[in-house]
>>> print(open('work_10.txt').read())   # compact mmCIF, C-alpha atoms
# COMPACT_ATOMS: atom_id res chain seq x y z
CA MET A 31 31.12 -77.86 -22.14
CA GLU A 32 30.97 -75.87 -18.93
CA LYS A 33 28.34 -73.17 -18.85
CA LYS A 34 29.30 -69.77 -17.63
CA PRO A 35 27.24 -68.75 -14.71
CA GLN A 36 24.76 -66.03 -15.61
CA ASP A 37 25.31 -62.65 -14.05
CA VAL A 38 22.24 -62.21 -11.94
CA ARG A 39 23.15 -58.67 -10.82
CA LYS A 40 20.70 -56.07 -11.98
CA SER A 41 21.46 -52.48 -12.85
CA PRO A 42 20.76 -50.15 -9.96
CA ALA A 43 17.08 -49.24 -9.81
CA ARG A 44 16.09 -45.59 -9.85
CA ARG A 45 15.40 -44.43 -6.38
CA GLY A 46 11.98 -42.83 -6.10
CA VAL A 47 10.70 -40.66 -3.29
CA PRO A 48 9.75 -42.92 -0.39
CA PRO A 49 5.97 -43.01 0.03
CA VAL A 50 6.17 -41.65 3.57
CA VAL A 51 8.13 -38.58 2.40
CA GLY A 52 5.63 -37.91 -0.35
CA LEU A 53 2.79 -38.21 2.12
CA LEU A 54 4.45 -35.78 4.51
CA LEU A 55 5.13 -33.32 1.69
CA ALA A 56 1.51 -33.46 0.55
CA THR A 57 0.35 -32.93 4.13
CA VAL A 58 2.58 -29.89 4.54
CA ILE A 59 1.28 -28.36 1.30
CA MET A 60 -2.32 -28.99 2.29
CA ASN A 61 -1.74 -27.49 5.74
CA VAL A 62 -0.16 -24.35 4.29
CA LEU A 63 -3.02 -23.82 1.86
CA LEU A 64 -5.57 -24.59 4.57
CA TYR A 65 -3.91 -22.10 6.91
CA LEU A 66 -4.00 -19.37 4.30
CA CYS A 67 -7.63 -20.05 3.47
CA LEU A 68 -8.64 -20.16 7.11
CA ASP A 69 -6.69 -17.00 7.86
CA HIS A 70 -8.57 -15.33 5.01
CA PHE A 71 -11.90 -15.99 6.74
CA PHE A 72 -10.78 -16.36 10.36
CA ILE A 73 -11.31 -12.82 11.59
CA SER A 74 -14.65 -12.16 9.95
CA SER A 75 -16.15 -15.48 11.04
CA GLN A 76 -14.80 -15.12 14.56
CA ARG A 77 -16.08 -11.58 14.95
CA SER A 78 -19.50 -12.34 13.54
CA SER A 79 -20.14 -14.57 16.55
CA VAL A 80 -19.45 -11.75 19.01
CA TYR A 81 -22.76 -10.01 18.39
CA PRO A 82 -25.04 -12.77 17.04
CA SER A 83 -28.10 -10.59 17.64
CA HIS A 84 -28.51 -7.23 19.28
CA CYS A 85 -30.50 -7.04 22.48
CA PRO A 86 -33.31 -4.47 22.63
CA TYR A 87 -32.72 -1.21 24.46
CA GLY A 88 -32.46 -1.75 28.20
CA TYR A 89 -31.20 -5.35 27.90
CA PHE A 90 -27.81 -7.04 27.63
CA ARG A 91 -26.17 -10.35 26.86
CA MET A 92 -22.54 -11.33 27.35
CA GLY A 93 -20.34 -14.39 27.26
CA GLN A 94 -22.31 -17.63 27.03
CA MET A 95 -25.65 -16.08 27.99
CA LYS A 96 -28.37 -17.38 25.67
CA ASN A 97 -31.01 -14.77 26.45
CA CYS A 98 -31.01 -11.02 26.90
CA SER A 99 -31.40 -9.79 30.49
CA PRO A 100 -32.62 -6.37 31.68
CA TRP A 101 -30.00 -3.90 32.85
CA LEU A 102 -29.33 -4.45 36.55
CA SER A 103 -31.09 -2.06 38.92
CA CYS A 104 -29.70 -0.20 41.94
CA GLU A 105 -30.92 -2.94 44.25
CA GLU A 106 -29.36 -5.68 42.14
CA LEU A 107 -26.06 -3.82 41.91
CA ARG A 108 -26.00 -3.40 45.69
CA THR A 109 -26.86 -6.98 46.57
CA GLU A 110 -25.57 -9.13 43.69
CA VAL A 111 -22.27 -7.49 42.69
CA ARG A 112 -19.17 -8.16 44.79
CA GLN A 113 -16.08 -5.98 44.44
CA LEU A 114 -12.77 -7.82 44.14
CA LYS A 115 -10.04 -5.26 43.48
CA ARG A 116 -9.42 -1.86 41.93
CA VAL A 117 -8.01 -2.13 38.40
CA GLY A 118 -7.99 1.47 37.20
CA GLU A 119 -8.74 5.09 37.97
CA GLY A 120 -9.15 8.23 35.89
CA ALA A 121 -10.32 11.78 36.40
CA VAL A 122 -14.00 10.81 36.26
CA LYS A 123 -14.25 7.29 37.67
CA ARG A 124 -12.39 4.46 39.35
CA VAL A 125 -12.90 0.91 38.13
CA PHE A 126 -13.13 -2.28 40.20
CA LEU A 127 -12.89 -5.84 38.99
CA SER A 128 -16.05 -7.35 40.44
CA GLU A 129 -18.15 -10.51 40.32
CA TRP A 130 -21.79 -11.01 39.40
CA LYS A 131 -23.29 -14.50 39.34
CA GLU A 132 -19.81 -16.05 39.02
CA ARG A 133 -19.00 -13.78 36.06
CA LYS A 134 -16.22 -11.20 36.11
CA VAL A 135 -17.57 -7.67 35.53
CA ALA A 136 -16.26 -4.09 35.75
CA LEU A 137 -17.84 -1.74 38.30
CA SER A 138 -17.17 1.97 37.76
CA GLN A 139 -17.68 4.53 40.54
CA LEU A 140 -17.65 8.31 40.33
CA THR A 141 -14.40 9.73 41.74
CA SER A 142 -15.77 13.09 42.88
CA LEU A 143 -19.05 15.00 42.68
CA GLU A 144 -17.30 17.72 40.65
CA MET A 145 -17.09 15.24 37.76
CA LYS A 146 -20.70 14.04 38.00
CA ASP A 147 -21.83 15.78 34.80
CA ASP A 148 -19.11 13.99 32.83
CA PHE A 149 -19.98 10.72 34.56
CA LEU A 150 -23.68 11.03 33.68
CA HIS A 151 -22.82 12.05 30.12
CA GLY A 152 -20.72 8.90 29.77
CA LEU A 153 -23.58 6.82 31.14
CA GLN A 154 -26.04 8.37 28.70
CA MET A 155 -23.67 7.63 25.81
CA LEU A 156 -23.29 4.02 26.96
CA LYS A 157 -27.05 3.59 27.10
CA SER A 158 -27.65 5.18 23.70
CA LEU A 159 -24.75 3.70 21.72
CA GLN A 160 -24.87 0.00 22.66
CA SER A 161 -23.53 -1.94 19.66
CA LYS A 162 -20.64 -4.21 18.70
CA HIS A 163 -18.39 -1.12 18.82
CA VAL A 164 -19.13 -0.23 22.46
CA VAL A 165 -18.46 -2.07 25.72
CA THR A 166 -21.57 -3.89 26.93
CA LEU A 167 -23.57 -2.06 29.60
CA LEU A 168 -24.89 -4.43 32.28
CA GLY A 169 -26.54 -2.00 34.66
CA TYR A 170 -26.24 1.34 36.46
CA CYS A 171 -27.39 3.22 39.53
CA GLU A 172 -27.50 7.02 39.35
CA ASP A 173 -28.27 7.24 43.08
CA ASP A 174 -24.98 5.49 43.89
CA ASN A 175 -23.05 6.89 40.90
CA THR A 176 -22.13 3.41 39.67
CA ILE A 177 -22.00 1.76 36.23
CA LEU A 178 -21.55 -1.96 35.56
CA THR A 179 -20.03 -3.12 32.26
CA GLU A 180 -18.55 -6.28 30.78
CA TYR A 181 -15.01 -7.02 31.96
CA HIS A 182 -12.27 -7.55 29.38
CA PRO A 183 -9.21 -9.13 31.04
CA LEU A 184 -6.79 -8.13 28.26
CA GLY A 185 -7.26 -4.51 29.29
CA SER A 186 -6.85 -1.38 27.21
CA LEU A 187 -4.97 -0.93 23.96
CA SER A 188 -2.15 0.63 25.98
CA SER A 189 -0.95 -2.89 26.84
CA LEU A 190 -1.36 -4.33 23.33
CA GLU A 191 2.35 -4.99 22.76
CA GLU A 192 2.79 -6.74 26.10
CA THR A 193 -0.24 -8.92 25.35
CA LEU A 194 0.80 -9.90 21.83
CA ASN A 195 4.34 -10.69 22.98
CA LEU A 196 3.00 -13.47 25.19
CA SER A 197 3.68 -16.91 23.71
CA LYS A 198 0.03 -17.97 23.82
CA TYR A 199 -0.94 -15.06 21.55
CA ARG A 200 1.93 -15.42 19.09
CA ASN A 201 -0.38 -16.85 16.42
CA VAL A 202 -2.37 -13.61 16.26
CA ASN A 203 0.67 -11.32 16.31
CA THR A 204 0.63 -10.95 12.53
CA TRP A 205 0.16 -8.04 10.14
CA GLN A 206 -3.24 -9.45 9.14
CA HIS A 207 -4.63 -9.38 12.66
CA ARG A 208 -2.99 -6.06 13.48
CA LEU A 209 -4.48 -4.47 10.37
CA GLN A 210 -7.86 -5.84 11.44
CA LEU A 211 -7.38 -4.12 14.82
CA ALA A 212 -6.76 -0.86 12.96
CA MET A 213 -9.96 -1.49 11.01
CA ASP A 214 -11.81 -2.02 14.30
CA TYR A 215 -10.54 1.32 15.56
CA VAL A 216 -11.53 3.19 12.39
CA GLY A 217 -14.86 1.35 12.46
CA ILE A 218 -15.53 2.76 15.93
CA ILE A 219 -14.68 6.30 14.77
CA ASN A 220 -16.96 5.82 11.77
CA TYR A 221 -19.76 4.61 14.06
CA LEU A 222 -19.38 7.66 16.30
CA HIS A 223 -19.45 9.96 13.28
CA HIS A 224 -22.72 8.33 12.15
CA SER A 225 -24.19 7.41 15.52
CA PRO A 226 -27.91 7.26 16.36
CA LEU A 227 -27.37 10.54 18.22
CA GLY A 228 -25.62 12.31 15.35
CA THR A 229 -21.98 13.16 14.64
CA LEU A 230 -19.96 12.62 17.82
CA VAL A 231 -16.31 13.60 18.31
CA MET A 232 -13.93 11.49 20.42
CA CYS A 233 -12.51 14.29 22.56
CA ASP A 234 -10.60 12.21 25.12
CA SER A 235 -7.68 11.91 22.70
CA SER A 236 -5.16 14.68 23.32
CA ASP A 237 -2.21 12.28 22.96
CA LEU A 238 -1.58 8.69 21.93
CA PRO A 239 -1.48 7.10 25.44
CA LYS A 240 -4.71 8.88 26.40
CA THR A 241 -6.37 7.74 23.18
CA LEU A 242 -5.32 4.11 23.61
CA SER A 243 -6.67 4.06 27.18
CA GLN A 244 -10.20 4.72 25.87
CA TYR A 245 -10.40 1.35 24.08
CA LEU A 246 -10.44 -2.24 25.31
CA LEU A 247 -9.03 -5.37 23.68
CA THR A 248 -11.55 -8.21 23.82
CA SER A 249 -10.73 -11.88 24.29
CA ASN A 250 -11.34 -12.56 20.59
CA PHE A 251 -8.94 -9.72 19.67
CA SER A 252 -11.40 -7.09 18.55
CA ILE A 253 -11.66 -3.55 19.93
CA VAL A 254 -14.51 -1.84 21.77
CA VAL A 255 -14.64 1.73 23.01
CA ASN A 256 -14.96 1.93 26.77
CA ASP A 257 -14.77 5.57 27.82
CA LEU A 258 -17.50 7.83 26.43
CA ASP A 259 -17.31 10.66 28.96
CA ALA A 260 -16.31 13.28 26.37
CA LEU A 261 -18.36 12.93 23.16
CA PRO A 262 -19.62 16.34 22.07
CA LEU A 263 -22.04 16.60 19.17
CA VAL A 264 -21.45 18.31 15.83
CA ASN A 265 -24.62 19.67 14.22
CA ARG A 266 -23.90 21.36 10.91
CA SER A 267 -27.52 22.28 10.26
CA SER A 268 -27.57 24.43 13.38
CA GLY A 269 -23.96 25.53 13.05
CA THR A 270 -22.92 23.71 16.21
CA PHE A 271 -19.27 22.65 16.39
CA VAL A 272 -17.12 21.44 19.26
CA LYS A 273 -14.10 22.21 21.41
CA CYS A 274 -12.37 19.42 23.29
CA GLY A 275 -12.06 20.81 26.78
CA HIS A 276 -11.39 24.31 28.00
CA ARG A 277 -7.59 24.22 28.19
CA GLU A 278 -4.95 24.86 25.57
CA LEU A 279 -3.80 21.78 23.67
CA HIS A 280 -0.24 21.19 22.48
CA GLY A 281 1.72 18.78 20.30
CA ASP A 282 1.39 17.33 16.81
CA PHE A 283 -0.91 14.46 17.80
CA VAL A 284 -3.91 16.76 17.95
CA ALA A 285 -5.18 18.34 14.73
CA PRO A 286 -3.86 21.80 13.73
CA GLU A 287 -7.27 23.39 14.25
CA GLN A 288 -7.18 22.26 17.89
CA LEU A 289 -4.10 24.40 18.57
CA TRP A 290 -4.22 28.01 19.77
CA PRO A 291 -4.09 30.00 16.52
CA TYR A 292 -3.02 33.43 17.83
CA GLY A 293 0.61 32.78 18.73
CA GLU A 294 2.56 32.91 21.96
CA ASP A 295 2.22 36.66 22.39
CA MET A 296 -1.50 36.35 23.02
CA PRO A 297 -2.44 34.31 26.13
CA PHE A 298 -4.86 31.43 25.62
CA HIS A 299 -8.50 32.26 26.29
CA ASP A 300 -11.17 29.61 25.82
CA ASP A 301 -13.77 32.11 24.59
CA LEU A 302 -11.50 33.08 21.70
CA MET A 303 -10.60 29.53 20.72
CA PRO A 304 -12.31 28.55 17.43
CA SER A 305 -14.44 25.41 17.38
CA TYR A 306 -14.03 22.52 14.94
CA ASP A 307 -15.70 19.36 13.65
CA GLU A 308 -15.20 15.57 13.57
CA LYS A 309 -12.27 15.80 11.16
CA VAL A 310 -10.00 16.19 14.20
CA ASP A 311 -10.55 12.44 14.74
CA ILE A 312 -9.39 11.72 11.18
CA TRP A 313 -6.09 13.55 11.74
CA LYS A 314 -5.21 11.12 14.57
CA ILE A 315 -5.99 7.88 12.73
CA PRO A 316 -2.54 7.39 11.10
CA ASP A 317 -0.77 7.62 14.46
CA VAL A 318 -3.11 5.17 16.17
CA ALA A 319 -3.01 2.81 13.17
CA SER A 320 0.80 2.85 13.14
CA PHE A 321 0.85 1.85 16.79
CA LEU A 322 -1.61 -0.97 16.15
CA LEU A 323 0.38 -2.27 13.16
CA GLY A 324 3.48 -2.55 15.34
CA HIS A 325 6.73 -3.89 13.91
CA VAL A 326 5.99 -7.47 12.95
CA GLU A 327 6.91 -9.03 9.62
CA GLY A 328 4.80 -7.41 6.92
CA SER A 329 3.69 -4.35 8.91
CA ASP A 330 5.96 -1.99 6.94
CA MET A 331 4.49 -3.37 3.73
CA VAL A 332 1.03 -2.47 5.04
CA ARG A 333 2.21 1.03 5.96
CA PHE A 334 3.51 1.48 2.41
CA HIS A 335 0.11 0.60 0.94
CA LEU A 336 -1.65 2.94 3.40
CA PHE A 337 0.70 5.84 2.76
CA ASP A 338 -1.60 7.81 0.45
CA ILE A 339 -4.73 7.58 2.60
CA HIS A 340 -2.75 8.43 5.73
CA LYS A 341 -1.17 11.39 3.97
CA ALA A 342 -4.67 12.63 3.12
CA CYS A 343 -5.64 12.29 6.80
CA LYS A 344 -2.89 14.75 7.66
CA SER A 345 -4.15 17.50 5.37
CA GLN A 346 -3.91 20.90 7.01
CA THR A 347 -7.36 21.66 5.64
CA PRO A 348 -9.98 19.64 7.58
CA ALA A 349 -12.46 19.49 4.68
CA GLU A 350 -9.83 17.81 2.49
CA ARG A 351 -9.36 14.88 4.88
CA PRO A 352 -11.16 11.65 4.00
CA THR A 353 -14.10 10.34 5.99
CA ALA A 354 -13.72 7.43 8.38
CA GLN A 355 -15.68 5.30 5.89
CA ASP A 356 -13.20 6.21 3.12
CA ILE A 357 -10.35 5.06 5.34
CA LEU A 358 -12.17 1.89 6.32
CA ASP A 359 -12.80 1.03 2.66
CA THR A 360 -9.12 1.57 1.85
CA TYR A 361 -8.00 -0.62 4.76
CA GLN A 362 -10.30 -3.40 3.55
CA LYS A 363 -8.95 -3.18 -0.01
CA VAL A 364 -5.36 -3.33 1.23
CA LEU A 365 -6.15 -6.30 3.48
CA ASN A 366 -7.81 -8.20 0.62
CA SER A 367 -5.07 -7.33 -1.87
CA LEU A 368 -2.16 -8.31 0.36
CA ARG A 369 -3.86 -11.55 1.41
CA ASP A 370 -4.46 -12.50 -2.21
CA THR A 371 -0.84 -11.68 -3.07
CA THR A 372 0.44 -13.75 -0.15
CA MET A 373 -1.69 -16.74 -1.13
CA SER A 374 -0.59 -16.47 -4.76
CA GLN A 375 3.10 -16.32 -3.82
CA THR A 376 2.72 -19.32 -1.53
CA ARG A 377 1.10 -21.37 -4.30
CA GLU A 378 3.96 -20.51 -6.66
CA MET A 379 6.53 -21.56 -4.07
CA LEU A 380 4.78 -24.90 -3.68
>>> encode(input="work_10.txt", output="structure tokens")
Amino acid sequence: MEKKPQDVRKSPARRGVPPVVGLLLATVIMNVLLYLCLDHFFISSQRSSVYPSHCPYGYFRMGQMKNCSPWLSCEELRTEVRQLKRVGEGAVKRVFLSEWKERKVALSQLTSLEMKDDFLHGLQMLKSLQSKHVVTLLGYCEDDNTILTEYHPLGSLSSLEETLNLSKYRNVNTWQHRLQLAMDYVGIINYLHHSPLGTLVMCDSSDLPKTLSQYLLTSNFSIVVNDLDALPLVNRSSGTFVKCGHRELHGDFVAPEQLWPYGEDMPFHDDLMPSYDEKVDIWKIPDVASFLLGHVEGSDMVRFHLFDIHKACKSQTPAERPTAQDILDTYQKVLNSLRDTTMSQTREML
């Protein structure tokens, strides 16, 4: 009897995920989580290395220098510093990109003797306020009216958008890093309001472009204040308040108390202009912060969460405005909250 051949065909096997695809998927997930975790700590760890230890008064350290060096003297500035090109000029000083021991530095020179008092005031502020918030002073010569400071090639905050639009900086053009820049700015204001010299007011800030020009963007994307020529002191115990300049101010960027209060019918007279305190700096913070946040993905979400604190900054009554520390604390809470939310949403998607 002839045997029927057995059907050796098997039912189709279930197709599993190829091992290589699973490996790639796992790698992608790990990279996303690693990115989020690193981004959570990136800024703080990077910035902590900027000022590993503060040099004593009269000394400086920059870049890869291991030890603190004394501020350069007149003789050293004359013989060791070589001017390369002019990179800026204001009412008080002109600035030259220069070279010292193969390092790029910024040499500032007084523009005219009429502005010498402002120039020397700025020098005294630089000497007294050296910290992570202030550009590093490398040396000075009062006889020659020159000041040498660390050079920051990314320039002032005025060119922030152009810098962040470059392809090589695309990875830091995020709401997280932009909010951290805003925190840097408020941190500087807070430092000035609680400086070793007392409560100082940032007077060179009559409009947004002027304000942005006072700050430099460092290579690790933090902010330092560079121009300290106009920092009057508030002393409540002695009843001393300030006026920013001797001319009438206009516009809604400056605080209401900085405007001439007696109407158009009465000509402006500096002697009749009331003085004010550091809360004029608080009024300007929302406008500067909005510029720093820009218009990247997520920046409007940050603005929404900062709405209440920024509204308080714009109180018509100076005493009702928050302190710089209050604002800084709120910024930090918003940064932490939004980062945690972003990480949680990413985990759920995975």
>>> atom_distance(input="work_10.txt", atom1="atom CA of Arg124 of chain A", atom2="atom CA of Asp237 of chain A")
20.8 Å
>>> closest_residue(input="work_10.txt", among="A:Leu238, A:Leu263, A:Val318, A:Ala354", to="Gly281 of chain A", atoms="only C-alpha atoms")
A:Leu238
>>> closest_residue(input="work_10.txt", among="A:Leu184, A:Thr248, A:Leu156, A:Met232", to="Gly93 of chain A", atoms="only C-alpha atoms")
A:Thr248
>>> residues_near_point(input="work_10.txt", point="(-5.6, -4.8, 19.2)", cutoff="8 Å", atoms="all atoms listed in the file", output="short mmCIF file (atom, residue, chain, number, x, y, z; two decimals) with C-alpha atoms, in the frame of the given file")
data_model
loop_
_atom_site.label_atom_id
_atom_site.label_comp_id
_atom_site.auth_asym_id
_atom_site.auth_seq_id
_atom_site.Cartn_x
_atom_site.Cartn_y
_atom_site.Cartn_z
CA LEU A 187 -4.97 -0.93 23.96
CA LEU A 190 -1.36 -4.33 23.33
CA ARG A 208 -2.99 -6.06 13.48
CA LEU A 211 -7.38 -4.12 14.82
CA ALA A 212 -6.76 -0.86 12.96
CA LEU A 247 -9.03 -5.37 23.68
CA PHE A 251 -8.94 -9.72 19.67
CA SER A 252 -11.40 -7.09 18.55
CA ILE A 253 -11.66 -3.55 19.93
CA LEU A 322 -1.61 -0.97 16.15
#
>>> residues_around(input="work_10.txt", residues="segment 332-345 of chain A", least_positions_apart="6", cutoff="8 Å", atoms="all atoms listed in the file", output="MDAnalysis selection string")
chainID A and resid 205 209 312:316 320 351:352 357 360:361 364
>>> residues_around(input="work_10.txt", residues="Met213 of chain A", least_positions_apart="3", cutoff="8 Å", atoms="only C-alpha atoms", output="MDAnalysis selection string")
chainID A and resid 209:210 216:217 358 361:362
>>> closest_residue(input="work_10.txt", among="A:Glu180, A:Asp311, A:Glu287, A:Asp317", to="Val254 of chain A", atoms="only C-alpha atoms")
A:Glu180
>>> closest_residue(input="work_10.txt", among="A:Thr204, A:Ser138, A:Thr166, A:Ser186", to="Phe90 of chain A", atoms="all atoms listed in the file")
A:Thr166
>>> atom_distance(input="work_10.txt", atom1="atom CA of Gly185 of chain A", atom2="atom CA of Asn203 of chain A")
16.7 Å
>>> atom_distance(input="work_10.txt", atom1="atom CA of Lys273 of chain A", atom2="atom CA of Tyr306 of chain A")
6.5 Å
>>> residues_around(input="work_10.txt", residues="Ser243 of chain A", least_positions_apart="6", cutoff="10 Å", atoms="only C-alpha atoms", output="PyMOL selection string")
chain A and resi 120+185-189+234-235+255-257
>>> build_atoms(input="work_10.txt", residues="segment 176-185 of chain A", atoms="all heavy atoms", output="PDB file, in the frame of the given file")
ATOM      1  N   THR A 176     -22.839   4.613  40.088  1.00  0.00           N
ATOM      2  CA  THR A 176     -22.130   3.410  39.670  1.00  0.00           C
ATOM      3  C   THR A 176     -22.622   2.940  38.293  1.00  0.00           C
ATOM      4  O   THR A 176     -23.787   3.122  37.947  1.00  0.00           O
ATOM      5  CB  THR A 176     -22.308   2.260  40.676  1.00  0.00           C
ATOM      6  OG1 THR A 176     -23.710   2.011  40.861  1.00  0.00           O
ATOM      7  CG2 THR A 176     -21.669   2.601  42.014  1.00  0.00           C
ATOM      8  N   ILE A 177     -21.706   2.343  37.542  1.00  0.00           N
ATOM      9  CA  ILE A 177     -22.000   1.760  36.230  1.00  0.00           C
ATOM     10  C   ILE A 177     -21.355   0.388  36.170  1.00  0.00           C
ATOM     11  O   ILE A 177     -20.192   0.227  36.555  1.00  0.00           O
ATOM     12  CB  ILE A 177     -21.453   2.639  35.087  1.00  0.00           C
ATOM     13  CG1 ILE A 177     -22.050   4.045  35.131  1.00  0.00           C
ATOM     14  CG2 ILE A 177     -21.721   1.994  33.730  1.00  0.00           C
ATOM     15  CD1 ILE A 177     -21.411   5.010  34.129  1.00  0.00           C
ATOM     16  N   LEU A 178     -22.082  -0.598  35.685  1.00  0.00           N
ATOM     17  CA  LEU A 178     -21.550  -1.960  35.560  1.00  0.00           C
ATOM     18  C   LEU A 178     -21.446  -2.309  34.080  1.00  0.00           C
ATOM     19  O   LEU A 178     -22.414  -2.189  33.325  1.00  0.00           O
ATOM     20  CB  LEU A 178     -22.462  -2.961  36.266  1.00  0.00           C
ATOM     21  CG  LEU A 178     -21.872  -4.361  36.470  1.00  0.00           C
ATOM     22  CD1 LEU A 178     -20.756  -4.326  37.506  1.00  0.00           C
ATOM     23  CD2 LEU A 178     -22.950  -5.365  36.890  1.00  0.00           C
ATOM     24  N   THR A 179     -20.257  -2.740  33.664  1.00  0.00           N
ATOM     25  CA  THR A 179     -20.030  -3.120  32.260  1.00  0.00           C
ATOM     26  C   THR A 179     -19.313  -4.465  32.197  1.00  0.00           C
ATOM     27  O   THR A 179     -18.825  -4.985  33.200  1.00  0.00           O
ATOM     28  CB  THR A 179     -19.169  -2.067  31.534  1.00  0.00           C
ATOM     29  OG1 THR A 179     -17.944  -1.873  32.255  1.00  0.00           O
ATOM     30  CG2 THR A 179     -19.907  -0.749  31.415  1.00  0.00           C
ATOM     31  N   GLU A 180     -19.263  -5.020  30.987  1.00  0.00           N
ATOM     32  CA  GLU A 180     -18.550  -6.280  30.780  1.00  0.00           C
ATOM     33  C   GLU A 180     -17.060  -6.083  31.041  1.00  0.00           C
ATOM     34  O   GLU A 180     -16.488  -5.039  30.693  1.00  0.00           O
ATOM     35  CB  GLU A 180     -18.769  -6.775  29.348  1.00  0.00           C
ATOM     36  CG  GLU A 180     -18.151  -8.147  29.074  1.00  0.00           C
ATOM     37  CD  GLU A 180     -18.496  -8.674  27.688  1.00  0.00           C
ATOM     38  OE1 GLU A 180     -19.108  -7.931  26.894  1.00  0.00           O
ATOM     39  OE2 GLU A 180     -18.161  -9.838  27.414  1.00  0.00           O
ATOM     40  N   TYR A 181     -16.440  -7.081  31.651  1.00  0.00           N
ATOM     41  CA  TYR A 181     -15.010  -7.020  31.960  1.00  0.00           C
ATOM     42  C   TYR A 181     -14.206  -7.683  30.857  1.00  0.00           C
ATOM     43  O   TYR A 181     -14.530  -8.786  30.414  1.00  0.00           O
ATOM     44  CB  TYR A 181     -14.736  -7.713  33.302  1.00  0.00           C
ATOM     45  CG  TYR A 181     -13.271  -7.807  33.652  1.00  0.00           C
ATOM     46  CD1 TYR A 181     -12.538  -6.662  33.950  1.00  0.00           C
ATOM     47  CD2 TYR A 181     -12.621  -9.038  33.692  1.00  0.00           C
ATOM     48  CE1 TYR A 181     -11.194  -6.735  34.278  1.00  0.00           C
ATOM     49  CE2 TYR A 181     -11.274  -9.123  34.025  1.00  0.00           C
ATOM     50  CZ  TYR A 181     -10.571  -7.976  34.309  1.00  0.00           C
ATOM     51  OH  TYR A 181      -9.239  -8.056  34.627  1.00  0.00           O
ATOM     52  N   HIS A 182     -13.156  -7.001  30.402  1.00  0.00           N
ATOM     53  CA  HIS A 182     -12.270  -7.550  29.380  1.00  0.00           C
ATOM     54  C   HIS A 182     -10.871  -7.688  29.974  1.00  0.00           C
ATOM     55  O   HIS A 182     -10.168  -6.689  30.160  1.00  0.00           O
ATOM     56  CB  HIS A 182     -12.251  -6.640  28.146  1.00  0.00           C
ATOM     57  CG  HIS A 182     -13.565  -6.608  27.423  1.00  0.00           C
ATOM     58  ND1 HIS A 182     -14.003  -7.642  26.619  1.00  0.00           N
ATOM     59  CD2 HIS A 182     -14.551  -5.676  27.413  1.00  0.00           C
ATOM     60  CE1 HIS A 182     -15.189  -7.342  26.122  1.00  0.00           C
ATOM     61  NE2 HIS A 182     -15.549  -6.168  26.589  1.00  0.00           N
ATOM     62  N   PRO A 183     -10.462  -8.920  30.294  1.00  0.00           N
ATOM     63  CA  PRO A 183      -9.210  -9.130  31.040  1.00  0.00           C
ATOM     64  C   PRO A 183      -7.949  -8.689  30.316  1.00  0.00           C
ATOM     65  O   PRO A 183      -6.924  -8.459  30.961  1.00  0.00           O
ATOM     66  CB  PRO A 183      -9.203 -10.649  31.280  1.00  0.00           C
ATOM     67  CG  PRO A 183     -10.123 -11.220  30.261  1.00  0.00           C
ATOM     68  CD  PRO A 183     -11.171 -10.186  30.032  1.00  0.00           C
ATOM     69  N   LEU A 184      -7.989  -8.552  28.980  1.00  0.00           N
ATOM     70  CA  LEU A 184      -6.790  -8.130  28.260  1.00  0.00           C
ATOM     71  C   LEU A 184      -6.533  -6.636  28.403  1.00  0.00           C
ATOM     72  O   LEU A 184      -5.488  -6.140  27.986  1.00  0.00           O
ATOM     73  CB  LEU A 184      -6.888  -8.518  26.781  1.00  0.00           C
ATOM     74  CG  LEU A 184      -6.927 -10.026  26.496  1.00  0.00           C
ATOM     75  CD1 LEU A 184      -6.977 -10.282  25.003  1.00  0.00           C
ATOM     76  CD2 LEU A 184      -5.730 -10.733  27.118  1.00  0.00           C
ATOM     77  N   GLY A 185      -7.480  -5.911  28.974  1.00  0.00           N
ATOM     78  CA  GLY A 185      -7.260  -4.510  29.290  1.00  0.00           C
ATOM     79  C   GLY A 185      -7.346  -3.584  28.096  1.00  0.00           C
ATOM     80  O   GLY A 185      -7.918  -3.913  27.054  1.00  0.00           O
TER      81      GLY A 185
END
